[in-house]
Structure formats: C-alpha cells, structure tokens
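Visitor: Sharing target-v9.tsv below, TSV, C-alpha atoms:
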chain	number	residue	atom	x	y	z
V	29	MET	CA	-93.67	45.28	-8.66
V	30	PRO	CA	-95.81	47.68	-10.74
V	31	ARG	CA	-94.96	47.95	-14.43
V	32	TRP	CA	-96.02	50.55	-16.98
V	33	GLU	CA	-95.29	51.50	-20.58
V	34	GLN	CA	-95.16	55.30	-20.70
V	35	GLY	CA	-91.61	56.58	-21.18
V	36	SER	CA	-90.26	53.04	-21.38
V	37	ALA	CA	-87.49	53.77	-23.89
V	38	ASP	CA	-86.03	56.54	-21.73
V	39	ARG	CA	-86.26	54.45	-18.57
V	40	LEU	CA	-84.67	51.47	-20.29
V	41	THR	CA	-81.79	53.62	-21.50
V	42	LYS	CA	-81.27	55.11	-18.04
V	43	ALA	CA	-81.46	51.69	-16.38
V	44	ALA	CA	-79.07	50.11	-18.87
V	45	LEU	CA	-76.46	52.83	-18.46
V	46	GLU	CA	-76.67	52.59	-14.68
V	47	LEU	CA	-76.17	48.82	-14.76
V	48	PHE	CA	-73.40	48.99	-17.36
V	49	GLU	CA	-71.55	51.38	-15.05
V	50	GLU	CA	-72.23	49.37	-11.90
V	51	GLN	CA	-71.38	45.88	-13.11
V	52	GLY	CA	-70.01	46.18	-16.63
V	53	PHE	CA	-71.59	45.76	-20.04
V	54	GLU	CA	-70.82	42.06	-20.44
V	55	ASP	CA	-72.19	41.16	-17.00
V	56	THR	CA	-75.50	42.94	-17.49
V	57	SER	CA	-78.47	41.06	-18.92
V	58	VAL	CA	-81.59	42.27	-20.70
V	59	VAL	CA	-83.67	40.83	-17.85
V	60	GLU	CA	-81.78	42.97	-15.33
V	61	ILE	CA	-82.23	46.08	-17.47
V	62	ALA	CA	-85.97	45.47	-17.80
V	63	ASP	CA	-86.30	44.84	-14.05
V	64	ARG	CA	-84.40	48.03	-13.22
V	65	ALA	CA	-86.64	49.99	-15.61
V	66	ARG	CA	-89.73	48.26	-14.20
V	67	VAL	CA	-90.94	46.96	-17.54
V	68	THR	CA	-91.16	43.48	-19.06
V	69	THR	CA	-88.45	41.96	-21.22
V	70	ARG	CA	-91.00	41.97	-24.03
V	71	THR	CA	-91.16	45.76	-23.69
V	72	PHE	CA	-87.36	45.92	-23.86
V	73	PHE	CA	-87.33	44.06	-27.18
V	74	ARG	CA	-90.06	46.31	-28.50
V	75	TYR	CA	-87.55	49.17	-28.38
V	76	PHE	CA	-84.16	47.49	-28.76
V	77	PRO	CA	-83.08	44.29	-30.56
V	78	ASP	CA	-80.35	43.68	-27.95
V	79	LYS	CA	-78.60	45.43	-25.07
V	80	ARG	CA	-75.88	46.82	-27.32
V	81	GLU	CA	-78.41	48.81	-29.31
V	82	VAL	CA	-79.39	50.76	-26.20
V	83	LEU	CA	-76.12	52.63	-26.82
V	84	PHE	CA	-76.57	53.06	-30.57
V	85	ALA	CA	-80.34	53.40	-31.08
V	86	GLU	CA	-80.12	57.03	-32.20
V	87	SER	CA	-77.17	56.61	-34.56
V	88	ASP	CA	-79.11	56.50	-37.82
V	89	ARG	CA	-81.29	59.47	-36.92
V	90	ILE	CA	-78.27	61.53	-35.88
V	91	ARG	CA	-76.35	60.66	-39.03
V	92	ALA	CA	-79.27	61.62	-41.26
V	93	ALA	CA	-79.75	64.95	-39.46
V	94	LEU	CA	-76.05	65.84	-39.68
V	95	VAL	CA	-75.82	64.99	-43.38
V	96	ARG	CA	-78.95	67.04	-44.07
V	97	ALA	CA	-77.33	70.00	-42.27
V	98	ILE	CA	-74.38	69.84	-44.69
V	99	LEU	CA	-76.62	69.52	-47.73
V	100	ASP	CA	-78.69	72.50	-46.54
V	101	ALA	CA	-75.75	74.72	-45.52
V	102	PRO	CA	-76.25	78.17	-47.10
V	103	GLU	CA	-72.51	78.71	-47.69
V	104	ILE	CA	-70.10	75.97	-48.70
V	105	THR	CA	-66.88	77.79	-49.62
V	106	GLU	CA	-65.30	76.79	-46.27
V	107	PRO	CA	-66.05	73.07	-46.01
V	108	LEU	CA	-64.21	72.58	-42.72
V	109	GLN	CA	-66.42	75.19	-41.07
V	110	VAL	CA	-69.50	73.59	-42.65
V	111	VAL	CA	-68.65	70.25	-41.03
V	112	ILE	CA	-67.97	71.83	-37.64
V	113	THR	CA	-71.16	73.89	-37.79
V	114	ALA	CA	-73.24	70.83	-38.65
V	115	LEU	CA	-71.82	69.01	-35.64
V	116	THR	CA	-72.05	71.84	-33.12
V	117	GLU	CA	-75.56	72.97	-34.07
V	118	PHE	CA	-77.06	69.52	-33.60
V	119	ASP	CA	-78.99	69.25	-30.32
V	120	TRP	CA	-76.72	66.90	-28.39
V	121	THR	CA	-78.17	68.04	-25.07
V	122	GLY	CA	-81.53	66.31	-25.64
V	123	PRO	CA	-80.94	63.31	-23.34
V	124	GLY	CA	-78.76	65.34	-20.98
V	125	ARG	CA	-75.01	65.54	-20.47
V	126	GLU	CA	-75.04	62.78	-17.84
V	127	VAL	CA	-76.48	60.28	-20.33
V	128	HIS	CA	-73.74	61.21	-22.78
V	129	ARG	CA	-71.10	60.84	-20.07
V	130	ARG	CA	-72.29	57.39	-19.09
V	131	ARG	CA	-72.57	56.23	-22.68
V	132	HIS	CA	-69.10	57.55	-23.47
V	133	ALA	CA	-67.60	55.78	-20.44
V	134	VAL	CA	-69.28	52.44	-21.17
V	135	ILE	CA	-68.17	52.44	-24.80
V	136	ALA	CA	-64.60	53.45	-23.93
V	137	ALA	CA	-64.34	50.55	-21.47
V	138	ASN	CA	-65.48	47.85	-23.90
V	139	PRO	CA	-63.36	47.08	-27.02
V	140	GLY	CA	-66.30	45.60	-28.93
V	141	LEU	CA	-68.46	48.62	-28.28
V	142	LEU	CA	-65.62	50.97	-29.12
V	143	GLU	CA	-65.12	49.21	-32.44
V	144	ARG	CA	-68.81	49.63	-33.24
V	145	GLU	CA	-68.66	53.30	-32.26
V	146	LEU	CA	-65.70	53.87	-34.59
V	147	ILE	CA	-67.55	52.12	-37.41
V	148	LYS	CA	-70.56	54.37	-36.83
V	149	GLN	CA	-68.30	57.43	-36.88
V	150	ASN	CA	-66.71	56.27	-40.11
V	151	ASP	CA	-70.17	55.82	-41.63
V	152	ILE	CA	-70.91	59.45	-40.76
V	153	ALA	CA	-67.59	60.55	-42.26
V	154	ILE	CA	-68.30	58.76	-45.54
V	155	GLU	CA	-71.68	60.44	-45.86
V	156	PHE	CA	-70.22	63.83	-44.93
V	157	ILE	CA	-67.65	63.47	-47.71
V	158	GLN	CA	-70.33	62.50	-50.20
V	159	ALA	CA	-72.53	65.41	-49.10
V	160	LEU	CA	-69.69	67.91	-49.55
V	161	GLN	CA	-68.95	66.49	-52.97
V	162	ARG	CA	-72.62	66.88	-53.90
V	163	ARG	CA	-72.26	70.53	-52.92
V	164	GLY	CA	-69.30	70.90	-55.30
V	165	ILE	CA	-66.27	70.35	-53.07
V	166	GLU	CA	-63.41	68.39	-54.64
V	167	GLU	CA	-62.96	64.92	-53.13
V	168	ALA	CA	-59.58	65.41	-51.43
V	169	ALA	CA	-60.75	68.66	-49.81
V	170	ALA	CA	-64.01	67.03	-48.75
V	171	ARG	CA	-62.12	64.17	-47.10
V	172	LEU	CA	-59.71	66.46	-45.28
V	173	ALA	CA	-62.43	68.85	-44.13
V	174	THR	CA	-64.54	65.96	-42.85
V	175	ARG	CA	-61.77	64.19	-40.94
V	176	ALA	CA	-60.36	67.39	-39.47
V	177	GLY	CA	-63.78	68.73	-38.54
V	178	MET	CA	-64.85	65.51	-36.87
V	179	GLN	CA	-61.61	65.38	-34.88
V	180	VAL	CA	-62.02	68.97	-33.72
V	181	PHE	CA	-65.54	68.17	-32.58
V	182	ALA	CA	-64.46	64.89	-30.92
V	183	THR	CA	-61.88	66.83	-28.90
V	184	ALA	CA	-64.55	69.25	-27.70
V	185	TYR	CA	-67.12	66.50	-27.07
V	186	ALA	CA	-64.70	64.53	-24.87
V	187	ARG	CA	-64.21	67.60	-22.65
V	188	TRP	CA	-67.94	68.31	-22.62
V	189	VAL	CA	-69.01	64.86	-21.43
V	190	GLU	CA	-66.43	64.98	-18.67
V	191	GLY	CA	-68.16	68.01	-17.22
V	192	ASP	CA	-66.14	70.98	-18.45
V	193	GLY	CA	-68.07	74.09	-17.46
V	194	ALA	CA	-68.20	75.53	-20.99
V	195	ASP	CA	-70.91	74.55	-23.44
V	196	LEU	CA	-70.20	72.39	-26.44
V	197	ARG	CA	-70.03	75.27	-28.90
V	198	GLU	CA	-67.45	77.12	-26.78
V	199	LEU	CA	-65.36	73.97	-26.44
V	200	THR	CA	-65.51	73.38	-30.19
V	201	ASP	CA	-64.42	76.97	-30.86
V	202	ALA	CA	-61.51	76.43	-28.46
V	203	ALA	CA	-60.51	73.19	-30.21
V	204	MET	CA	-60.68	74.97	-33.58
V	205	ALA	CA	-58.52	77.80	-32.26
V	206	LEU	CA	-55.98	75.23	-31.08
V	207	LEU	CA	-55.94	73.66	-34.53
V	208	ARG	CA	-55.20	77.06	-36.08
V	209	THR	CA	-52.14	77.45	-33.86
V	210	LEU	CA	-50.77	74.26	-35.44
V	211	LEU	CA	-51.09	75.60	-38.98
V	212	PRO	CA	-48.45	77.70	-40.75
V	213	ALA	CA	-49.06	81.42	-40.66
V	214	ASP	CA	-48.31	81.82	-44.38
V	215	PRO	CA	-51.53	83.14	-45.95
V	216	SER	CA	-50.36	82.24	-49.46
V	217	GLY	CA	-51.21	78.52	-49.05
V	218	PRO	CA	-54.14	76.87	-50.81
V	219	SER	CA	-57.69	77.67	-49.73
V	220	PRO	CA	-59.55	75.10	-47.54
V	221	ALA	CA	-61.66	74.04	-50.51
V	222	GLY	CA	-58.59	73.35	-52.64
V	223	PRO	CA	-57.59	74.82	-55.99
V	224	ARG	CA	-60.08	72.71	-57.93
V	225	SER	CA	-63.13	73.27	-55.73
V	226	ARG	CA	-66.41	73.58	-57.61
V	227	ALA	CA	-68.24	74.99	-54.58
V	228	ARG	CA	-71.64	76.45	-55.27
Would it be possible to restate this file's structure as structure tokens?

Guide:
Amino acid sequence: MPRWEQGSADRLTKAALELFEEQGFEDTSVVEIADRARVTTRTFFRYFPDKREVLFAESDRIRAALVRAILDAPEITEPLQVVITALTEFDWTGPGREVHRRRHAVIAANPGLLERELIKQNDIAIEFIQALQRRGIEEAAARLATRAGMQVFATAYARWVEGDGADLRELTDAAMALLRTLLPADPSGPSPAGPRSRAR
C-alpha cells in the first residue's frame, strides 16, 4: 500500500473520526488509524502523542486565539457581548462542519472524552474571566458574562454541528435572543458590567 507524508495530519484526523464512529473510540487503535490514513504509525506519533489527542490537538491554539480576541476587543462595556463576539467570530468552519459533527458525537459518546472536553472548556472560561478582569471588568461580572456567553454559544454550536441550515452566527444570535426572553423586562436593573465595573 503506498504511503506518503503530505497532508498527513488532516488525513489522520479524518481517518480517526471515521473509525471512532464506525467501531467506537475504545476499540480503535493507533495502528488502525495510521493504516486508514495510509501513513506509518511513526507518522501518527509525529503529530499526536496518542489517539485521544486527535480530538483535542487544536485546543491550545483555539484558547489562545479566543483570549486574544477578548483582550483586543475595542469596546468592553458589555462583557457578555464581548465573550459571544469572540466565540462567534472565530473561524470554526476551517476543518468543515462534518469534522465538527463527528468530533462532537465521539466525545458525547465517551465519558472520559467528555470529561476532558469539559476540563478544556473550563480552562477557556478561566482565561476569559482573567482577560475580562484585565480589561477592567469586576470579577463577579466577568464570571457571569463568561459562563452565560459560553452557554449561549454552546447552545448554538450544538445546533450547528447537527446540520441546522443557519450559520453559526445566526444560531448564536437566536440563542442570545432566547436568553433575553428569560430576563426580566425591568430596565432599572444593574448593567451587565455591574455597578463596580472599571471597564476601559
């Protein structure tokens, strides 16, 4: 069987996701992934330390880009919107919606992977909170804006990976509109940044 190096990481990811779907994460070996991708196992380990990291290889890069988006936001007086904007303006479509769908399904079906995914999400939340505080948002407001914003986006993302016809931004706007319907209509409540915000 011919083997080649060019585009190996993408082929390994595609092969791994196919096999995880076909026979389950636990029952798939690195050797099988490499064979499906038509590369050597040595090539596999050049890109990924283990099969689990096929699903999480981009986590650090994504987290850094999202945090930078918050730190660079031109306007910070509405921290919830800052969080949502950072999430929706990231280019999630790079690997394609189908890759996201497969990854989402594999993680949801495996408790160990789901735990790791939740830990990764919490890591992002912690850095979001710290970034908002660096921009002058009071801690309690930063925490609430981060958790609410991430949940709004997660709601939209789940619909997006399942093939909803709308794009991710439209789905996020719809999730945000739904959140607003759950809030009291009294405009005299505290501002999103809180009474002690030091936003700048």

Visitor: Write out as a PyMOL selection string each polymer residue whose atoms come within 12 Å of Gly177 of chain V, counting all atoms listed in the file; drop sequence neighbours fewer than 3 positions from it.

Guide: chain V and resi 106-116+152-153+156-157+169-174+180-184+200-201+203-204+207+220

Visitor: Between atom CA of Arg125 of chain V and atom CA of Val189 of chain V, measure the distance and give it in Å to one decimal.

Guide: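 Computing the Euclidean distance for atom CA of Arg125 of chain V and atom CA of Val189 of chain V yields 6.1 Å.
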
Visitor: How close does each residue of segment 108-157 of chain V get to segment 47-55 of chain V, giving the shortest atom pair and distance in Å to one decimal for every residue with an atom at most 9 Å away, counting only C-alpha atoms, sorted by chain and residue number, as JSON lines?

Guide:
{"residue": "V:Arg130", "atom": "CA", "partner": "V:Glu49", "partner_atom": "CA", "distance": 7.3}
{"residue": "V:Ala133", "atom": "CA", "partner": "V:Glu49", "partner_atom": "CA", "distance": 8.0}
{"residue": "V:Val134", "atom": "CA", "partner": "V:Phe48", "partner_atom": "CA", "distance": 6.6}
{"residue": "V:Ile135", "atom": "CA", "partner": "V:Phe53", "partner_atom": "CA", "distance": 8.9}
{"residue": "V:Ala137", "atom": "CA", "partner": "V:Gly52", "partner_atom": "CA", "distance": 8.6}
{"residue": "V:Asn138", "atom": "CA", "partner": "V:Phe53", "partner_atom": "CA", "distance": 7.5}

Visitor: Which value, in Å to one decimal, gives the distance between atom CA of Val82 of chain V and atom CA of Asp119 of chain V?

Guide: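 We find that atom CA of Val82 of chain V and atom CA of Asp119 of chain V lie 18.9 Å from each other.
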
Visitor: Compile the contact shell of Glu117 of chain V as a ChimeraX atom specification: residues with an atom at most 10 Å away, counting only C-alpha atoms, same-chain residues fewer than 5 positions apart removed.

Guide: /V:94,97,112,196-197

Visitor: Which distance in Å separates atom CA of Gly191 of chain V and atom CA of Leu40 of chain V, to one decimal?

Guide: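 Between atom CA of Gly191 of chain V and atom CA of Leu40 of chain V the gap works out to 23.6 Å.
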
Visitor: Calculated over all atoms listed in the file, which of the candidates V:Leu211, V:Ser36, V:Phe118, V:Gly140 has the smallest distance to Ala93 of chain V?

Guide: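 Going through V:Leu211, V:Ser36, V:Phe118, V:Gly140 one by one, the smallest distance to Ala93 of chain V is for V:Phe118.
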
Visitor: Ranking V:Ala85, V:Val127, V:Ile90, V:Ala202 by minimum distance to Lys42 of chain V and counting all atoms listed in the file, which one comes first?

Guide: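 Counting all atoms listed in the file, the residue closest to Lys42 of chain V is V:Val127.
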
Visitor: For Arg39 of chain V, please output as a VMD selection string all residues within 10 Å (counting all atoms listed in the file; exclusion window: fewer than 2 positions along the same chain).

Guide: chain V and resid 33 to 37 41 to 45 61 to 62 64 to 67

Visitor: Nearest to Arg163 of chain V: which of V:Val58, V:Leu141, V:Leu83, V:Ile104 is it, counting all atoms listed in the file?

Guide: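 Smallest distance to Arg163 of chain V is found for V:Ile104.
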
Visitor: Closest to Met178 of chain V among V:Ala213, V:Ile154, V:Leu142, V:Ile165, using all atoms listed in the file?

Guide: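 So, comparing all the options, the nearest one is V:Ile154.
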
Visitor: To test the calculation: enclose all listed atoms of segment 199-205 of chain V in a box whose edges run along x, y and z, add 3 Å on each side, then state centre and edge lengths in Å to one decimal, as AutoDock Vina command-line options.

Guide:
--center_x -62.0 --center_y 75.5 --center_z -30.0 --size_x 13.0 --size_y 10.6 --size_z 13.1

Visitor: Counting all atoms listed in the file, what is within 10 Å of Glu145 of chain V, bar same-chain residues fewer than 6 positions away, as a list in words?

Guide: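 Here the qualifying residues turn out to be Leu83, Phe84, Ser87, His132, Ile135, Ala136, Pro139 and Asp151 of chain V.
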
Visitor: Which of these residues is nearest to Lys148 of chain V, using all atoms listed in the file: V:Asp78, V:Glu190, V:Glu60, V:Glu86?

Guide: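 Smallest separation from Lys148 of chain V among the options: V:Glu86.
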